[in-house]
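Participant: Provided herewith: entry_37.txt, compact mmCIF, C-alpha atoms.
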```txt
# COMPACT_ATOMS: atom_id res chain seq x y z
CA MET A 1 10.51 29.65 3.98
CA ASP A 2 10.37 28.91 7.67
CA PHE A 3 8.18 25.84 8.00
CA ALA A 4 7.33 26.36 11.66
CA ARG A 5 6.31 29.99 10.96
CA PRO A 6 4.85 29.97 7.43
CA LEU A 7 3.29 33.44 7.63
CA LEU A 8 6.78 34.92 7.75
CA VAL A 9 6.52 34.79 3.95
CA ILE A 10 4.26 37.84 4.17
CA THR A 11 4.90 39.44 7.57
CA PRO A 12 7.70 39.37 10.14
CA THR A 13 5.29 40.20 12.99
CA LEU A 14 3.90 38.01 15.74
CA ASP A 15 0.43 38.69 14.28
CA GLY A 16 1.19 36.28 11.43
CA ASP A 17 2.14 33.47 13.81
CA VAL A 18 -1.00 34.03 15.87
CA LEU A 19 -3.08 33.84 12.69
CA ALA A 20 -1.40 30.55 11.75
CA VAL A 21 -2.38 28.99 15.08
CA LEU A 22 -5.96 30.26 14.81
CA ALA A 23 -6.26 29.08 11.21
CA ARG A 24 -5.31 25.47 11.99
CA ALA A 25 -8.36 24.73 14.12
CA GLU A 26 -12.02 25.65 14.34
CA GLU A 27 -11.60 26.36 18.01
CA GLU A 28 -11.59 29.21 20.50
CA PHE A 29 -8.31 29.92 22.25
CA SER A 30 -7.52 32.08 25.25
CA GLY A 31 -4.48 34.34 25.09
CA ARG A 32 -2.69 31.90 27.35
CA GLN A 33 -3.46 28.93 25.08
CA LEU A 34 -2.28 30.86 22.03
CA HIS A 35 0.94 31.67 23.83
CA ARG A 36 1.47 28.04 24.78
CA LEU A 37 0.84 26.80 21.25
CA LEU A 38 3.21 29.38 19.78
CA GLY A 39 5.92 28.36 22.21
CA TYR A 40 7.74 31.67 22.08
CA ALA A 41 7.20 35.45 22.55
CA SER A 42 5.67 36.90 25.70
CA GLU A 43 2.06 36.30 26.71
CA PRO A 44 1.28 40.07 26.79
CA GLY A 45 2.81 40.32 23.30
CA VAL A 46 0.54 37.55 22.05
CA ARG A 47 -2.50 39.22 23.62
CA LYS A 48 -1.65 42.54 21.94
CA ALA A 49 -1.18 40.82 18.58
CA VAL A 50 -4.52 39.01 18.74
CA GLU A 51 -6.30 42.23 19.77
CA ARG A 52 -4.84 43.96 16.69
CA LEU A 53 -6.33 41.15 14.61
CA VAL A 54 -9.71 41.64 16.33
CA ASP A 55 -9.54 45.29 15.24
CA GLN A 56 -9.11 44.10 11.66
CA GLY A 57 -12.22 41.92 11.96
CA VAL A 58 -10.34 38.78 11.01
CA VAL A 59 -10.46 37.40 14.56
CA ASP A 60 -13.61 37.15 16.69
CA ARG A 61 -13.40 37.75 20.44
CA ARG A 62 -15.84 36.42 23.02
CA GLN A 63 -15.90 37.14 26.72
CA ALA A 64 -16.28 33.98 28.84
CA GLY A 65 -16.29 34.97 32.50
CA ARG A 66 -12.98 36.69 33.06
CA ALA A 67 -11.37 35.13 30.02
CA LYS A 68 -11.32 36.42 26.48
CA LEU A 69 -11.57 33.72 23.83
CA TYR A 70 -10.43 34.20 20.24
CA ARG A 71 -11.13 32.36 17.02
CA LEU A 72 -10.49 33.03 13.34
CA ASN A 73 -13.50 34.67 11.68
CA ARG A 74 -13.93 32.18 8.85
CA GLN A 75 -16.48 34.42 7.11
CA HIS A 76 -13.79 37.07 6.62
CA LEU A 77 -12.62 37.51 3.03
CA ALA A 78 -9.05 36.93 4.16
CA ALA A 79 -9.74 33.71 6.10
CA ALA A 80 -9.28 31.26 3.23
CA HIS A 81 -6.01 32.92 2.23
CA ILE A 82 -4.73 32.85 5.80
CA GLU A 83 -5.62 29.19 6.13
CA GLY A 84 -3.78 28.46 2.90
CA LEU A 85 -0.67 30.20 4.19
CA ALA A 86 -0.91 28.47 7.57
CA ASN A 87 -0.83 25.08 5.86
CA LEU A 88 1.87 25.62 3.25
CA HIS A 89 3.77 22.55 4.45
CA LEU A 90 0.74 20.33 3.72
CA GLN A 91 0.48 21.89 0.27
CA LEU A 92 4.16 21.22 -0.37
CA ILE A 93 3.76 17.53 0.50
CA ALA A 94 0.67 17.25 -1.73
CA ARG A 95 2.48 18.96 -4.61
CA LEU A 96 5.58 16.75 -4.34
CA ARG A 97 3.41 13.61 -4.25
CA GLU A 98 1.53 14.77 -7.32
CA THR A 99 4.72 15.52 -9.23
CA ILE A 100 6.45 12.23 -8.42
CA GLY A 101 3.22 10.28 -8.93
CA ALA A 102 3.09 11.62 -12.50
CA TRP A 103 6.64 10.51 -13.40
CA ARG A 104 6.88 8.23 -16.41
CA GLN A 105 9.86 6.48 -14.85
CA ARG A 106 8.65 5.63 -11.39
CA PRO A 107 10.98 5.39 -8.42
CA HIS A 108 10.98 2.53 -5.94
CA SER A 109 10.22 5.10 -3.24
CA ALA A 110 10.64 8.76 -2.39
CA PHE A 111 10.66 10.55 0.95
CA LEU A 112 10.85 14.10 2.25
CA PHE A 113 13.17 14.00 5.24
CA GLY A 114 15.35 16.17 7.47
CA SER A 115 14.23 19.45 9.02
CA VAL A 116 11.48 20.19 6.48
CA ALA A 117 9.84 16.83 7.21
CA ARG A 118 10.13 17.47 10.93
CA GLY A 119 8.52 20.89 10.44
CA ASP A 120 11.36 22.82 12.05
CA ALA A 121 13.15 24.04 8.92
CA VAL A 122 14.00 27.74 8.74
CA SER A 123 14.42 29.79 5.58
CA ALA A 124 18.10 28.81 5.26
CA SER A 125 17.44 25.07 5.64
CA ASP A 126 17.85 22.67 2.75
CA LEU A 127 14.86 20.72 1.58
CA ASP A 128 16.03 17.09 1.63
CA LEU A 129 14.53 14.51 -0.67
CA LEU A 130 15.45 10.84 -0.84
CA VAL A 131 14.68 9.07 -4.09
CA ILE A 132 15.35 5.35 -4.51
CA ARG A 133 15.81 4.45 -8.17
CA GLY A 134 13.96 1.32 -9.22
CA ALA A 135 15.93 -1.71 -10.40
CA THR A 136 14.67 -1.30 -13.96
CA VAL A 137 15.86 2.29 -14.31
CA GLU A 138 19.38 2.74 -15.62
CA GLU A 139 21.60 5.03 -13.57
CA GLY A 140 22.07 8.37 -15.35
CA ALA A 141 19.37 7.70 -17.95
CA ASP A 142 18.39 11.01 -19.54
CA ALA A 143 14.66 10.79 -18.85
CA TRP A 144 15.29 9.82 -15.22
CA GLU A 145 17.81 12.61 -14.67
CA ALA A 146 15.41 15.13 -16.24
CA GLN A 147 12.72 14.11 -13.75
CA LEU A 148 15.07 14.59 -10.81
CA ALA A 149 16.25 17.99 -12.06
CA ALA A 150 12.66 19.17 -12.57
CA LEU A 151 11.71 17.99 -9.08
CA GLU A 152 14.65 19.78 -7.52
CA ARG A 153 13.81 22.98 -9.38
CA GLU A 154 10.11 22.80 -8.54
CA ALA A 155 10.72 22.21 -4.83
CA THR A 156 13.24 25.05 -4.63
CA GLU A 157 10.97 27.49 -6.45
CA ALA A 158 7.94 26.46 -4.40
CA THR A 159 9.62 27.17 -1.07
CA GLY A 160 12.75 29.28 -1.50
CA ASN A 161 14.67 26.50 0.27
CA ASP A 162 17.44 24.75 -1.64
CA ALA A 163 16.12 21.34 -2.60
CA ARG A 164 18.70 18.56 -2.43
CA ILE A 165 17.96 15.14 -3.83
CA LEU A 166 19.81 12.11 -2.54
CA GLU A 167 19.35 9.46 -5.17
CA TYR A 168 20.38 5.85 -4.72
CA GLY A 169 19.81 2.71 -6.70
CA GLU A 170 18.24 -0.29 -4.98
CA GLN A 171 21.52 -2.17 -5.18
CA GLU A 172 23.41 0.58 -3.36
CA LEU A 173 21.46 0.26 -0.13
CA ALA A 174 23.88 -2.27 1.37
CA ALA A 175 26.57 0.42 1.84
CA PRO A 176 26.59 1.47 5.55
CA GLU A 177 26.71 5.24 4.89
CA ILE A 178 23.76 5.01 2.51
CA LYS A 179 21.88 2.71 4.85
CA SER A 180 22.11 5.29 7.64
CA VAL A 181 20.61 8.03 5.43
CA VAL A 182 17.79 5.72 4.40
CA GLU A 183 17.17 4.79 8.03
CA GLU A 184 16.94 8.49 8.91
CA ALA A 185 14.35 8.98 6.18
CA LEU A 186 12.44 5.94 7.46
CA SER A 187 12.51 7.30 10.98
CA ASP A 188 11.58 10.95 10.43
CA GLY A 189 10.59 11.18 6.81
CA ILE A 190 7.29 11.67 5.05
CA GLU A 191 6.38 9.25 2.27
CA LEU A 192 6.00 10.88 -1.12
CA PHE A 193 5.96 7.70 -3.20
CA GLY A 194 5.97 4.02 -2.29
CA SER A 195 5.70 2.94 1.30
CA ARG A 196 7.80 2.78 4.43
CA GLN A 197 7.21 -0.95 4.77
CA ARG A 198 8.36 -1.60 1.23
CA LEU A 199 11.53 0.43 1.64
CA ARG A 200 12.25 -1.17 5.01
CA ARG A 201 11.92 -4.62 3.45
CA LEU A 202 14.24 -3.65 0.62
CA LEU A 203 16.79 -2.32 3.08
CA GLN A 204 16.67 -5.57 5.05
CA GLU A 205 17.08 -7.63 1.90
CA ARG A 206 20.06 -5.59 0.74
CA SER A 207 21.67 -5.64 4.17
CA GLY A 208 21.59 -9.42 4.06
CA MET B 1 -15.03 3.32 32.01
CA THR B 2 -11.98 5.58 32.33
CA PRO B 3 -13.09 9.18 32.91
CA THR B 4 -12.48 11.36 29.89
CA ARG B 5 -10.07 14.20 30.36
CA ILE B 6 -8.73 16.94 28.16
CA ARG B 7 -4.96 16.80 28.49
CA ASP B 8 -2.66 19.66 27.61
CA CYS B 9 0.34 18.61 25.59
CA ASP B 10 3.72 19.88 24.46
CA GLY B 11 6.47 18.88 22.04
CA SER B 12 7.46 15.82 24.06
CA THR B 13 3.85 14.54 24.10
CA ILE B 14 3.73 14.97 20.34
CA GLU B 15 6.98 13.09 19.75
CA GLY B 16 6.06 10.37 22.25
CA ARG B 17 2.59 9.73 20.81
CA LEU B 18 3.97 9.85 17.25
CA ARG B 19 6.56 7.18 18.08
CA LYS B 20 3.82 5.01 19.54
CA ALA B 21 1.61 5.52 16.48
CA GLU B 22 4.49 4.45 14.24
CA GLN B 23 5.35 1.52 16.48
CA PHE B 24 1.75 0.20 16.41
CA LEU B 25 1.53 0.61 12.65
CA GLU B 26 4.87 -1.09 12.12
CA ALA B 27 3.89 -3.93 14.45
CA ALA B 28 0.65 -4.37 12.50
CA ALA B 29 2.61 -4.61 9.24
CA THR B 30 5.05 -7.08 10.78
CA ILE B 31 2.46 -9.53 12.09
CA ARG B 32 0.65 -9.37 8.77
CA ASP B 33 3.86 -10.09 6.87
CA LEU B 34 4.87 -12.95 9.17
CA ALA B 35 1.50 -14.70 9.17
CA ASP B 36 1.04 -17.73 6.92
CA ASP B 37 -2.52 -16.61 6.42
CA GLU B 38 -3.53 -12.98 7.05
CA ALA B 39 -6.89 -14.14 8.37
CA ASP B 40 -5.11 -15.84 11.30
CA VAL B 41 -3.95 -12.50 12.71
CA GLY B 42 -6.77 -10.23 11.51
CA ASP B 43 -8.05 -9.26 14.96
CA ALA B 44 -4.60 -8.45 16.34
CA PHE B 45 -3.77 -6.59 13.12
CA VAL B 46 -6.89 -4.42 13.32
CA THR B 47 -6.40 -3.78 17.05
CA LEU B 48 -2.89 -2.50 16.36
CA CYS B 49 -4.22 -0.31 13.52
CA VAL B 50 -6.79 1.15 15.92
CA HIS B 51 -4.09 1.95 18.48
CA ALA B 52 -1.97 3.54 15.76
CA GLY B 53 -4.92 5.67 14.67
CA ILE B 54 -5.68 6.80 18.23
CA ALA B 55 -2.07 7.79 18.92
CA ALA B 56 -1.84 9.60 15.57
CA SER B 57 -5.05 11.49 16.32
CA ASP B 58 -3.57 12.64 19.62
CA VAL B 59 -0.56 14.03 17.74
CA ILE B 60 -2.75 15.92 15.28
CA CYS B 61 -4.90 17.37 18.09
CA CYS B 62 -1.84 18.33 20.12
CA ALA B 63 -0.26 20.16 17.18
CA ALA B 64 -3.37 22.14 16.27
CA LEU B 65 -5.29 22.48 19.54
CA GLY B 66 -2.64 22.13 22.22
CA HIS B 67 -4.58 19.31 23.88
CA PHE B 68 -5.93 15.82 23.29
CA VAL B 69 -8.73 13.70 24.72
CA GLN B 70 -7.67 10.95 27.09
CA GLY B 71 -10.21 8.29 28.05
CA GLU B 72 -12.93 6.23 26.48
CA ASP B 73 -15.24 8.91 25.14
CA HIS B 74 -14.82 8.20 21.45
CA ASN B 75 -17.29 10.84 20.33
CA GLN B 76 -15.39 13.57 22.10
CA ALA B 77 -12.09 12.39 20.59
CA ILE B 78 -13.65 12.43 17.12
CA ALA B 79 -15.20 15.87 17.75
CA GLU B 80 -11.84 17.34 18.80
CA LEU B 81 -10.04 15.86 15.79
CA SER B 82 -12.76 17.20 13.48
CA LYS B 83 -11.93 20.76 14.58
CA VAL B 84 -8.51 20.56 12.93
CA ARG B 85 -8.18 22.39 9.62
CA PRO B 86 -8.11 21.84 6.73
CA ASP B 87 -9.04 18.15 6.80
CA GLY B 88 -10.25 17.48 10.34
CA LYS B 89 -13.66 16.23 9.21
CA GLU B 90 -12.03 13.60 7.00
CA LEU B 91 -9.58 12.63 9.74
CA GLY B 92 -12.44 12.41 12.22
CA SER B 93 -14.27 10.03 9.88
CA ALA B 94 -11.18 7.83 9.64
CA LEU B 95 -10.90 7.70 13.43
CA ARG B 96 -14.62 6.99 13.80
CA ALA B 97 -14.34 4.05 11.40
CA LEU B 98 -11.31 2.67 13.25
CA LEU B 99 -12.93 3.00 16.66
CA GLY B 100 -15.97 1.22 15.28
CA MET B 101 -13.75 -1.81 14.58
CA LYS B 102 -12.14 -1.78 18.01
CA THR B 103 -14.84 -3.70 19.86
CA ARG B 104 -15.32 -6.26 17.12
CA ALA B 105 -11.60 -6.94 16.74
CA GLY B 106 -10.84 -6.94 20.45
CA TYR B 107 -13.84 -8.52 22.11
CA ALA B 108 -16.37 -10.07 19.73
CA ALA B 109 -16.17 -13.77 18.82
CA PRO B 110 -16.32 -13.62 15.00
CA PRO B 111 -13.01 -12.70 13.35
CA VAL B 112 -12.72 -9.50 11.32
CA SER B 113 -12.83 -9.90 7.55
CA ALA B 114 -10.03 -9.30 5.06
CA THR B 115 -11.92 -6.23 3.81
CA GLN B 116 -12.03 -4.79 7.30
CA CYS B 117 -8.29 -5.39 7.68
CA LYS B 118 -7.64 -3.44 4.48
CA ARG B 119 -9.90 -0.60 5.60
CA ALA B 120 -8.30 -0.47 9.04
CA TRP B 121 -4.82 -0.32 7.51
CA ARG B 122 -5.74 2.41 5.05
CA ARG B 123 -7.26 4.59 7.75
CA ALA B 124 -4.51 4.05 10.28
CA GLU B 125 -1.86 4.76 7.65
CA HIS B 126 -3.67 7.95 6.66
CA LEU B 127 -3.87 9.18 10.25
CA VAL B 128 -0.22 8.36 10.97
CA ASP B 129 0.86 10.07 7.76
CA SER B 130 -1.16 13.16 8.70
CA ALA B 131 0.37 13.14 12.17
CA ARG B 132 3.89 13.08 10.72
CA SER B 133 3.03 15.91 8.35
CA ARG B 134 1.92 18.31 11.03
CA ARG B 135 3.78 17.49 14.20
CA SER B 136 5.54 20.86 14.10
CA GLY B 137 3.85 22.65 11.24
```
Translate the structure described by the file into structure tokens.
Facilitator:
Amino acid sequence: MDFARPLLVITPTLDGDVLAVLARAEEEFSGRQLHRLLGYASEPGVRKAVERLVDQGVVDRRQAGRAKLYRLNRQHLAAAHIEGLANLHLQLIARLRETIGAWRQRPHSAFLFGSVARGDAVSASDLDLLVIRGATVEEGADAWEAQLAALEREATEATGNDARILEYGEQELAAPEIKSVVEEALSDGIELFGSRQRLRRLLQERSG
Amino acid sequence: MTPTRIRDCDGSTIEGRLRKAEQFLEAAATIRDLADDEADVGDAFVTLCVHAGIAASDVICCAALGHFVQGEDHNQAIAELSKVRPDGKELGSALRALLGMKTRAGYAAPPVSATQCKRAWRRAEHLVDSARSRRSG
């Protein structure tokens, strides 16, 4: 999926992107504001799209002086579904946290990083996960490996993006090439398990 | 009092405010870790958590609304954040609680308690995490 344009999973039209913007806030937007928030397409194109949605009853329009203001009609039967689609990235994060939180062999920490974490991943982007293996977990242990494989499969199936897990043991963090990946995750990543502060401390300890 | 203004924002505002939110949160964690006794730095710690929460709220508002509230009108800032779906009400409550600690930590004579430090951290961390999760989504 395209994380910046989640409604592409059901429609390739601009209407889907307009709905995503409207769904993310209980607020009225002018055509110009919608265009600015979308950050692409033409303003007349955005206005036409939102008027099509008014015709469907899923968007309410109000005249305010010379301006037309639009908001999602949250009483519409489709509103809850649209809001769910608009926030797929939040659901992904919640699902990954739940899965890793239920592991019997817990990691030191886990992060979603790269373009998916930044929210600019397109459908061809990989879904990058960093998992730091705790000191008590043996490298290659069957139960641990099974957890990683299940996570990779679940994340791929949930999004259509190829999930890629970078797994390192605590003792490996001193290596410069690994340190740089971990620093990237610390900079842009989203915590799925453990905490940034804890991983940063570990990195400092291992770097001497 | 600084006049309250609604400020339009773009991608660079979002990235800039997010970096500040992270910087304040990280600074809060650092002074806590370096202190011999957490109580010695409680007021500075909470003040940094409040700043982290405010910056994170700006990011969330920018991403969903295209604007944020600049100034000292806390109620308006909370009201704007509460418009964000799906969890704006909860985020607004976190910001309200943090802003409630701002005066006590920054200006009142009695130091903040350890419980208040924990609460401030939890709320600031939640807001910063939410800001990261939706800066482009």
Participant: Select from chain B every residue with an atom at most 7 Å from any atom of chain A, then for each give the shortest pair of atoms and their distance in Å to one decimal, using only C-alpha atoms, rows by chain and rising number, as CSV.
Facilitator:
```
residue,atom,partner,partner_atom,distance
B:Ala64,CA,A:Arg24,CA,5.8
B:Leu65,CA,A:Ala25,CA,6.6
B:Gly66,CA,A:Leu37,CA,5.9
B:Lys83,CA,A:Glu26,CA,4.9
B:Val84,CA,A:Ala25,CA,4.3
B:Arg85,CA,A:Arg24,CA,4.8
B:Pro86,CA,A:Arg24,CA,7.0
B:Arg132,CA,A:Ile190,CA,6.8
B:Ser133,CA,A:Leu90,CA,6.8
B:Arg135,CA,A:Gly119,CA,6.9
B:Ser136,CA,A:Gly119,CA,4.7
B:Gly137,CA,A:Gly119,CA,5.1
```
Participant: Once you have the residues from the selection above, write them out as a PDB file, in the coordinates of the input, restricted to C-alpha atoms.
Facilitator:
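Wrote out-v2.pdb, looks like this:
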```
ATOM      1  CA  ALA B  64      -3.370  22.140  16.270  1.00  0.00           C
ATOM      2  CA  LEU B  65      -5.290  22.480  19.540  1.00  0.00           C
ATOM      3  CA  GLY B  66      -2.640  22.130  22.220  1.00  0.00           C
ATOM      4  CA  LYS B  83     -11.930  20.760  14.580  1.00  0.00           C
ATOM      5  CA  VAL B  84      -8.510  20.560  12.930  1.00  0.00           C
ATOM      6  CA  ARG B  85      -8.180  22.390   9.620  1.00  0.00           C
ATOM      7  CA  PRO B  86      -8.110  21.840   6.730  1.00  0.00           C
ATOM      8  CA  ARG B 132       3.890  13.080  10.720  1.00  0.00           C
ATOM      9  CA  SER B 133       3.030  15.910   8.350  1.00  0.00           C
ATOM     10  CA  ARG B 135       3.780  17.490  14.200  1.00  0.00           C
ATOM     11  CA  SER B 136       5.540  20.860  14.100  1.00  0.00           C
ATOM     12  CA  GLY B 137       3.850  22.650  11.240  1.00  0.00           C
TER      13      GLY B 137
END
```
Participant: List the spatial neighbours of A:Leu148 as a list in words - criterion: any atom at most 9 Å away, only C-alpha atoms, same-chain residues fewer than 5 positions off excluded.
Facilitator: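 Contacts, with the query itself left out: Val131, Ala143, Arg153, Ile165 and Glu167 of chain A.
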Participant: From the list B:Leu25, B:Thr4, B:Cys9, B:Val41, which residue is nearest B:Val69 when using all atoms listed in the file?
Facilitator: B:Thr4
Participant: Give me the residues near A:Arg164 as number ranges by chain, where near means some atom within 8 Å (using only C-alpha atoms) and where sequence neighbours in that chain fewer than 5 positions away do not count.
Facilitator: A: 126-129, 152
Participant: Excluding A:Glu172 and residues on its chain fewer than 6 positions from it, collect all residues at most 10 Å away from it, counting all atoms listed in the file, and give them as a count of residues only.
Facilitator: 7
Participant: Give me, please, the distance in Å between atom CA of B:Ala108 and atom CA of B:Ala21, quoted to one decimal.
Facilitator: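 Straight-line distance from atom CA of B:Ala108 to atom CA of B:Ala21 works out to 24.0 Å.
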Participant: Which one is closest to A:Tyr70: A:Pro44, A:Gly57, A:Gly140, A:Gly31? Count only C-alpha atoms.
Facilitator: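 Between A:Pro44, A:Gly57, A:Gly140, A:Gly31, the residue approaching A:Tyr70 most closely is A:Gly31.
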Participant: Residues at most 9 Å from B:Arg17, counting all atoms listed in the file, excluding those fewer than 3 positions away in the same chain, as a count of residues only?
Facilitator: 10
Participant: Between atom CA of B:Tyr107 and atom CA of B:Asp37, what is the distance, to one decimal in Å?
Facilitator: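 Separation between atom CA of B:Tyr107 and atom CA of B:Asp37: 21.0 Å.
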Participant: Between A:Thr156, A:Gln204, A:Ser109, A:Thr13, single out the one closest to A:Leu130, counting all atoms listed in the file.
Facilitator: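 Looking at the shortest contact to A:Leu130, the residue is A:Ser109.
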